[in-house]
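Worksheet: the structure to be examined is printed underneath.
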Amino acid sequence: MSVTPLDAAGVAMPAQGTSLWTSARRRLMRNRAAMGGLIVLIIIAALAILAPYISAHAMDDISWEDIGAPPDWANGYYFGTDSNGRDLFARTLYGARVSLMVGVLASIVSLVIGVTYGAVAGYLGGAVDNVMMRIVDILYSLPFMFFVILLTVFFGRNIFLIFVAIGAVEWLDMARIVRGQTMALKHREFIEAAHAFGASSPAIVRRHIIPNILGPVMVFVTLTVPKVILLESFLSFLGLGVQEPMTSWGVLISDGARDMETAPWSLLFPATFLAVTLFSLNFLGDGLRDALDPKDR
Amino acid sequence: MTVSQEQPGWKTGNQTPLLVVDQLVTRFATPDGSVSAVNGVSFHVNKGETIGIVGESGSGKSQVLMSIMGLLPHNGTSTGSVKFDDREILGMSREQLNKIRGTRMAMIFQDPMTALNPYLTVGQQLTEVLTFHQGTNPAMAREQAREVLEQVHIPEPGKRLDMYPHELSGGMRQRVMIAMGMLCRPDLLIADEPTTALDVTIQAEILDLLAEQQAVTGTSIILVTHDLGVVAGLCDRVMVMYGGRIVEQGPVRDIFYDPQHPYTRALLLSMPRLDDDLSGDLPTIAGQPPNLAQMPPGCAFAPRCAFVSEQCRQAVPPLREIAPGRAKACTLDRLVA
């Protein structure tokens, strides 16, 4: 073609084909709520990474003069102190490290394993599907707490054990959802057409099935991240999660809930961070789902 | 005389047929027992020829295609023989079949709305076929895809490549499907009711396009439809199917002007004509198509046939030659229209 196509603004567009991802990114950029959510998440992540440089006090420094002190900008306790006299600002940011890491890593683990496993089971069907889904059923019936306690007994308390434990449990839901979606898709005509054009099974799963199930998968991931963060705080609350003086939002919130009558800020700040993070994740997930649907352009 | 093998009289010239189907039986295992959708179908397709398969819903016409393409669902099995270019393809492994499907044998589906992946652009779907089968590099594949879109008369083909299927109209999408089918220049194009989901004016365009593509590339076409008008316009030979069997076959003119099977005749009569007196009701075929799980012992059409005799109900009448290139499965000697 000799004429370069022009868009509405008269700007020359590249003649290259737009992939699903390029056009999805463009659509995502136009979604204000999603971009807002993304920016907030980036800010929180940046704060967590830069925590030692921006907080005035170390997160495990105990100040005997300032036990349960309210927020005060003058002495650097921006969020006040906890019942042990430690800087809540620093602790909230350090907690963000653990919570975000657990949330993101465990979700990615569950996403990768769950989508692959579910798509393969749903696509192959028959006996393979039966065996694969019975394995999922068996893992489902394994009591989660028992599993975590077993892991901690054998390997000691370790943050990576939490990833393993949560990831090992969360992918089961994902696998079931993906399997169901795949089975519904499998009999659609375009999958049959792909067969008729001689595409191999791995190519069909990769090119035709997975892009078509990204919508529900994306929504489920945004639900998984908060769930995982809360699960971690539950484990920490029981003393199976992160070890003092390290902390997470879950630990801070459970401590804060204990002290909320005398020191409401110790609940308010970590809870606000958690809530804002979850909100942002939901907006971003919603935006991603819309962006990945070509019909929504 | 029973027609179960290839008849010499059918061959136009002395070329070997591209596709030979012999005694194809396709059965499905269902919870209610085994159901046979195709009961011993034999036919051949010559190079550059267009064959029509006509029949109402449930006559097994689509299952013949699916058996040929190896696209039967898990509970379906085929026996008999399907030879493509002198190679047995029935029961071929998927890997081997995948080398033939898409390159030498392509299929066009009934509903272009659902036969294209909604999440991939037209260009991605077209180039996929090329890169997969021929290892064409992406830029070349894109250029070839653009060319083939131009061949099927899609305006602004370069722009359409970047569109998603939902941005195109039904007729446009069927053109894309045909383009996809023609992309690797197959020897055999199988079209499963390619015009059923389209409105009448678009139907004519799509049929013209198929005829045009055939004239250019010399591909053979198997056209499955329940629309007799489609067959009349495009096909060289026609097979009429009923209850999983071929009940009549022959050159398209003979079938239309001198139907010899009561079912073919009833089918033709129930088709409205422009010069018909439209004051009365359209003639219909009384009764229901046979239940494939409980086939009558005799002719499948016997319960609905106006010329039924006791003989019809006892044994399935064999497909017998009644004239060179014509065969029917009926006990009647001559049906006078």
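Just so we're on the same page: first chain in the structure tokens is A, next is B, and so on; residues restart at 1 for each chain, and ligands are numbered from 1 in the order they show up.
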Find the residues of chain A in contact range of chain B, meaning any atom within 6 Å when counting only C-alpha atoms, and list them as a list in words.
Gly17, Glu189, Phe190, Ala196, Phe197 and Gly198 of chain A
Keeping only C-alpha atoms, take the residues you just selected and write them out as a PDB file, in the first residue's frame.
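Result saved to again-v5.pdb:
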```pdb
ATOM      1  CA  GLY A  17      -0.402  -5.212  12.628  1.00  0.00           C
ATOM      2  CA  GLU A 189     -16.702 -23.626  15.651  1.00  0.00           C
ATOM      3  CA  PHE A 190     -13.511 -21.618  15.471  1.00  0.00           C
ATOM      4  CA  ALA A 196      -9.657 -28.297  10.041  1.00  0.00           C
ATOM      5  CA  PHE A 197      -6.774 -26.019   9.081  1.00  0.00           C
ATOM      6  CA  GLY A 198      -4.369 -28.462  10.616  1.00  0.00           C
TER       7      GLY A 198
END
```
Please identify all polymer residues within 7 Å of region 246-251 of chain A, counting only C-alpha atoms, omitting same-chain residues fewer than 6 positions from it, and present them as a PDB file with N, CA and C atoms, in the first residue's frame.
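Generated output (selection.pdb):
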```
ATOM      1  N   ARG A  91       6.885   0.466  59.780  1.00  0.00           N
ATOM      2  CA  ARG A  91       6.346  -0.897  59.826  1.00  0.00           C
ATOM      3  C   ARG A  91       5.284  -1.122  58.748  1.00  0.00           C
ATOM      4  N   THR A  92       4.475  -0.116  58.482  1.00  0.00           N
ATOM      5  CA  THR A  92       3.454  -0.254  57.439  1.00  0.00           C
ATOM      6  C   THR A  92       4.119  -0.466  56.079  1.00  0.00           C
ATOM      7  N   TYR A  94       7.200  -1.625  55.523  1.00  0.00           N
ATOM      8  CA  TYR A  94       7.839  -2.950  55.489  1.00  0.00           C
ATOM      9  C   TYR A  94       6.779  -4.048  55.333  1.00  0.00           C
ATOM     10  N   GLY A  95       5.640  -3.829  55.990  1.00  0.00           N
ATOM     11  CA  GLY A  95       4.532  -4.785  55.855  1.00  0.00           C
ATOM     12  C   GLY A  95       4.057  -4.867  54.415  1.00  0.00           C
ATOM     13  N   ALA A  96       4.090  -3.703  53.724  1.00  0.00           N
ATOM     14  CA  ALA A  96       3.687  -3.677  52.325  1.00  0.00           C
ATOM     15  C   ALA A  96       4.567  -4.602  51.501  1.00  0.00           C
ATOM     16  N   VAL A  98       6.031  -7.420  52.359  1.00  0.00           N
ATOM     17  CA  VAL A  98       5.605  -8.816  52.510  1.00  0.00           C
ATOM     18  C   VAL A  98       4.248  -9.037  51.844  1.00  0.00           C
ATOM     19  N   SER A  99       3.295  -8.153  52.145  1.00  0.00           N
ATOM     20  CA  SER A  99       1.937  -8.381  51.648  1.00  0.00           C
ATOM     21  C   SER A  99       1.872  -8.336  50.127  1.00  0.00           C
ATOM     22  N   LEU A 230      -5.027 -11.549  52.508  1.00  0.00           N
ATOM     23  CA  LEU A 230      -5.774 -11.830  53.739  1.00  0.00           C
ATOM     24  C   LEU A 230      -5.389 -13.188  54.315  1.00  0.00           C
ATOM     25  N   GLU A 232      -2.499 -14.599  54.088  1.00  0.00           N
ATOM     26  CA  GLU A 232      -1.189 -14.424  54.725  1.00  0.00           C
ATOM     27  C   GLU A 232      -1.374 -13.803  56.106  1.00  0.00           C
ATOM     28  N   SER A 233      -2.259 -12.811  56.194  1.00  0.00           N
ATOM     29  CA  SER A 233      -2.439 -12.165  57.498  1.00  0.00           C
ATOM     30  C   SER A 233      -3.060 -13.140  58.496  1.00  0.00           C
ATOM     31  N   PHE A 234      -3.888 -14.034  57.984  1.00  0.00           N
ATOM     32  CA  PHE A 234      -4.482 -15.055  58.840  1.00  0.00           C
ATOM     33  C   PHE A 234      -3.394 -15.994  59.366  1.00  0.00           C
ATOM     34  N   SER A 236      -0.218 -15.291  59.618  1.00  0.00           N
ATOM     35  CA  SER A 236       0.630 -14.525  60.525  1.00  0.00           C
ATOM     36  C   SER A 236      -0.044 -14.365  61.882  1.00  0.00           C
ATOM     37  N   PHE A 237      -1.350 -14.145  61.855  1.00  0.00           N
ATOM     38  CA  PHE A 237      -2.134 -13.996  63.073  1.00  0.00           C
ATOM     39  C   PHE A 237      -2.018 -15.257  63.931  1.00  0.00           C
ATOM     40  N   PRO A 270      -2.520   0.886  58.610  1.00  0.00           N
ATOM     41  CA  PRO A 270      -2.345  -0.344  57.794  1.00  0.00           C
ATOM     42  C   PRO A 270      -3.620  -0.758  57.074  1.00  0.00           C
ATOM     43  N   LEU A 274      -4.134  -1.323  53.048  1.00  0.00           N
ATOM     44  CA  LEU A 274      -4.660  -2.569  52.485  1.00  0.00           C
ATOM     45  C   LEU A 274      -5.877  -2.283  51.611  1.00  0.00           C
TER      46      LEU A 274
END
```
Contacts of Ala90 (chain A) within 8 Å, only C-alpha atoms, excl. fewer than 5 positions in-chain, as a ChimeraX atom specification:
/A:51-52,55-59
Can you list, as a compact mmCIF listing (two decimals) with C-alpha atoms, in the first residue's frame, every residue of region 121-316 of chain B that DSSP puts in strand (DSSP E or B)?
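Result went into selection_35.txt, see below:
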```txt
# COMPACT_ATOMS: atom_id res chain seq x y z
CA LEU B 188 -9.95 -30.10 -2.06
CA LEU B 189 -12.18 -27.50 -0.50
CA ILE B 190 -14.95 -28.79 1.72
CA ALA B 191 -17.79 -26.35 2.28
CA ASP B 192 -20.29 -27.22 4.97
CA SER B 220 -12.19 -29.66 -6.19
CA ILE B 221 -15.13 -28.71 -4.02
CA ILE B 222 -17.49 -30.75 -1.89
CA LEU B 223 -20.49 -28.61 -1.13
CA VAL B 224 -22.89 -29.73 1.54
CA THR B 225 -26.20 -27.97 1.74
CA ARG B 237 -22.74 -33.88 -9.65
CA VAL B 238 -25.16 -34.28 -6.78
CA MET B 239 -25.69 -36.89 -4.12
CA VAL B 240 -28.94 -36.91 -2.22
CA MET B 241 -28.65 -38.34 1.28
CA TYR B 242 -31.36 -39.65 3.53
CA ARG B 245 -27.33 -43.29 3.01
CA ILE B 246 -27.06 -42.01 -0.52
CA VAL B 247 -30.50 -42.46 -2.06
CA GLU B 248 -29.79 -40.94 -5.43
CA GLN B 249 -26.82 -39.59 -7.28
CA GLY B 250 -26.12 -38.24 -10.72
CA PRO B 251 -25.29 -35.20 -12.81
```
Between A:Ser23, A:Arg207, A:Val131, A:Leu100, which one has atoms that come closest to Ile42 (chain A), using only C-alpha atoms?
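Residue with the minimum atom-to-atom distance to Ile42 (chain A): A:Leu100.
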To test your reading of the structure, identify every residue in region 27-230 of chain B that backbone DSSP assigns to alpha helix (DSSP H), and report it as a PyMOL selection string.
chain B and resi 61-69+94-100+122-134+138-151+157-160+170-182+200-217+228-230
Applying 10 Å and only C-alpha atoms, which residues near Thr217 (chain B) remain after dropping the ones on its own chain fewer than 2 positions away? List them as a short mmCIF file (atom, residue, chain, number, x, y, z; two decimals) with N, CA, C and O atoms, in the first residue's frame.
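The resulting around-v6.cif:
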```
data_model
loop_
_atom_site.label_atom_id
_atom_site.label_comp_id
_atom_site.auth_asym_id
_atom_site.auth_seq_id
_atom_site.Cartn_x
_atom_site.Cartn_y
_atom_site.Cartn_z
N GLY B 48 -10.84 -30.93 -9.81
CA GLY B 48 -11.51 -29.79 -10.41
C GLY B 48 -13.02 -29.90 -10.48
O GLY B 48 -13.68 -29.09 -11.11
N MET B 182 -8.48 -20.86 0.90
CA MET B 182 -7.74 -20.84 -0.35
C MET B 182 -6.26 -20.52 -0.15
O MET B 182 -5.47 -20.62 -1.07
N ARG B 185 -3.77 -22.91 -1.21
CA ARG B 185 -4.17 -23.51 -2.50
C ARG B 185 -4.43 -25.01 -2.37
O ARG B 185 -3.71 -25.83 -2.91
N PRO B 186 -5.47 -25.37 -1.65
CA PRO B 186 -5.74 -26.79 -1.41
C PRO B 186 -6.26 -27.49 -2.67
O PRO B 186 -6.76 -26.83 -3.57
N ASP B 187 -6.10 -28.80 -2.69
CA ASP B 187 -6.64 -29.57 -3.81
C ASP B 187 -8.13 -29.82 -3.62
O ASP B 187 -8.85 -30.03 -4.57
N GLU B 212 -15.65 -18.83 -8.87
CA GLU B 212 -14.55 -18.08 -9.44
C GLU B 212 -13.20 -18.62 -8.94
O GLU B 212 -12.27 -18.83 -9.71
N GLN B 213 -13.13 -18.87 -7.64
CA GLN B 213 -11.90 -19.40 -7.06
C GLN B 213 -11.56 -20.75 -7.66
O GLN B 213 -10.41 -21.06 -7.91
N GLN B 214 -12.62 -21.52 -7.90
CA GLN B 214 -12.39 -22.84 -8.48
C GLN B 214 -11.85 -22.73 -9.90
O GLN B 214 -10.93 -23.44 -10.28
N ALA B 215 -12.40 -21.78 -10.64
CA ALA B 215 -11.94 -21.58 -12.01
C ALA B 215 -10.48 -21.17 -12.01
O ALA B 215 -9.70 -21.59 -12.87
N THR B 219 -9.33 -26.17 -7.93
CA THR B 219 -9.55 -27.02 -6.76
C THR B 219 -10.86 -27.80 -6.90
O THR B 219 -11.76 -27.37 -7.63
N SER B 220 -10.93 -28.93 -6.23
CA SER B 220 -12.19 -29.66 -6.19
C SER B 220 -12.99 -29.16 -4.99
O SER B 220 -12.41 -28.77 -3.99
#
```
Residues near Ala24 (chain A), cut-off 8 Å, only C-alpha atoms, skip fewer than 3 positions along chain, as a list in words
Leu20, Trp21, Arg27, Leu28, Leu288, Ala291, Leu292, Asp293 and Pro294 of chain A
In Å, how far is it from CA of Arg289 (chain A) to CA of Ala34 (chain A)?
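Distance between the two atoms: 10.3 Å.
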Can you pull out every residue within 7 Å of Phe79 (chain A), counting only C-alpha atoms, but drop anything in the same chain fewer than 5 positions away, and send it as a VMD selection string?
chain A and resid 71 88 to 89 265 269
Suppose we keep C-alpha atoms; can you now write the selection as a CSV table (one decimal), in the first residue's frame?
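Result saved to result.csv:
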```csv
chain,number,residue,atom,x,y,z
A,71,PRO,CA,0.9,10.5,64.8
A,88,LEU,CA,4.2,2.5,62.5
A,89,PHE,CA,5.1,4.3,59.3
A,265,TRP,CA,-4.2,5.0,64.3
A,269,PHE,CA,-3.1,3.3,58.7
```
I'd like the contact shell of Leu268 (chain A) - 10 Å cut-off, only C-alpha atoms, skipping same-chain residues fewer than 3 positions apart - returned as a ChimeraX atom specification.
/A:79,252-253,256-257,260,263-265,271-273
With N, CA, C and O atoms kept, could you save the residues just selected as an mmCIF file, in the first residue's frame?
```
data_model
loop_
_atom_site.group_PDB
_atom_site.id
_atom_site.type_symbol
_atom_site.label_atom_id
_atom_site.label_comp_id
_atom_site.auth_asym_id
_atom_site.auth_seq_id
_atom_site.Cartn_x
_atom_site.Cartn_y
_atom_site.Cartn_z
ATOM 1 N N PHE A 79 2.863 8.020 61.390
ATOM 2 C CA PHE A 79 1.646 7.228 61.624
ATOM 3 C C PHE A 79 1.520 6.860 63.099
ATOM 4 O O PHE A 79 0.738 5.997 63.464
ATOM 5 N N LEU A 252 -0.082 -6.290 61.227
ATOM 6 C CA LEU A 252 -0.320 -4.934 61.737
ATOM 7 C C LEU A 252 -1.792 -4.715 62.029
ATOM 8 O O LEU A 252 -2.153 -4.111 63.045
ATOM 9 N N ILE A 253 -2.643 -5.205 61.130
ATOM 10 C CA ILE A 253 -4.082 -5.000 61.316
ATOM 11 C C ILE A 253 -4.573 -5.795 62.524
ATOM 12 O O ILE A 253 -5.360 -5.282 63.342
ATOM 13 N N GLY A 256 -3.378 -3.959 65.448
ATOM 14 C CA GLY A 256 -4.107 -2.687 65.548
ATOM 15 C C GLY A 256 -5.518 -2.903 66.059
ATOM 16 O O GLY A 256 -6.040 -2.101 66.835
ATOM 17 N N ALA A 257 -6.136 -3.999 65.624
ATOM 18 C CA ALA A 257 -7.504 -4.270 66.063
ATOM 19 C C ALA A 257 -7.544 -4.476 67.579
ATOM 20 O O ALA A 257 -8.522 -4.097 68.248
ATOM 21 N N MET A 260 -7.314 -0.890 69.176
ATOM 22 C CA MET A 260 -7.986 0.222 68.488
ATOM 23 C C MET A 260 -8.708 1.177 69.423
ATOM 24 O O MET A 260 -8.921 2.328 69.067
ATOM 25 N N ALA A 263 -5.469 3.213 70.747
ATOM 26 C CA ALA A 263 -4.617 3.768 69.687
ATOM 27 C C ALA A 263 -5.217 3.469 68.319
ATOM 28 O O ALA A 263 -4.743 2.592 67.604
ATOM 29 N N PRO A 264 -6.296 4.186 67.944
ATOM 30 C CA PRO A 264 -6.988 3.875 66.684
ATOM 31 C C PRO A 264 -6.081 3.964 65.467
ATOM 32 O O PRO A 264 -6.295 3.251 64.485
ATOM 33 N N TRP A 265 -5.058 4.839 65.503
ATOM 34 C CA TRP A 265 -4.178 4.970 64.333
ATOM 35 C C TRP A 265 -3.440 3.672 64.002
ATOM 36 O O TRP A 265 -3.093 3.445 62.859
ATOM 37 N N ALA A 271 -4.778 -0.579 57.735
ATOM 38 C CA ALA A 271 -6.045 -0.967 57.104
ATOM 39 C C ALA A 271 -6.312 -0.109 55.879
ATOM 40 O O ALA A 271 -6.793 -0.611 54.857
ATOM 41 N N THR A 272 -5.992 1.203 55.989
ATOM 42 C CA THR A 272 -6.198 2.086 54.845
ATOM 43 C C THR A 272 -5.325 1.638 53.673
ATOM 44 O O THR A 272 -5.786 1.554 52.529
ATOM 45 N N PHE A 273 -4.051 1.342 53.972
ATOM 46 C CA PHE A 273 -3.154 0.874 52.908
ATOM 47 C C PHE A 273 -3.690 -0.385 52.234
ATOM 48 O O PHE A 273 -3.697 -0.492 51.016
#
```
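Nearest residue to Asp254 (chain B) among B:Arg304, B:Ala293, B:Gly325, B:Gln314 is B:Gly325, counting only C-alpha atoms.
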From the list B:Pro324, B:Val20, B:Cys330, B:Val35, which residue is nearest Ile89 (chain B) when using only C-alpha atoms?
B:Val20
d(CA of Asp208 (chain B), CA of Leu269 (chain B)) in Å
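Computing the Euclidean distance for CA of Asp208 (chain B) and CA of Leu269 (chain B) yields 25.3 Å.
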Selected residue of minimal separation from Val148 (chain A) among A:Gly239, A:Asn130, A:Val102, A:Thr222, counting only C-alpha atoms:
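Counting only C-alpha atoms, the residue closest to Val148 (chain A) is A:Gly239.
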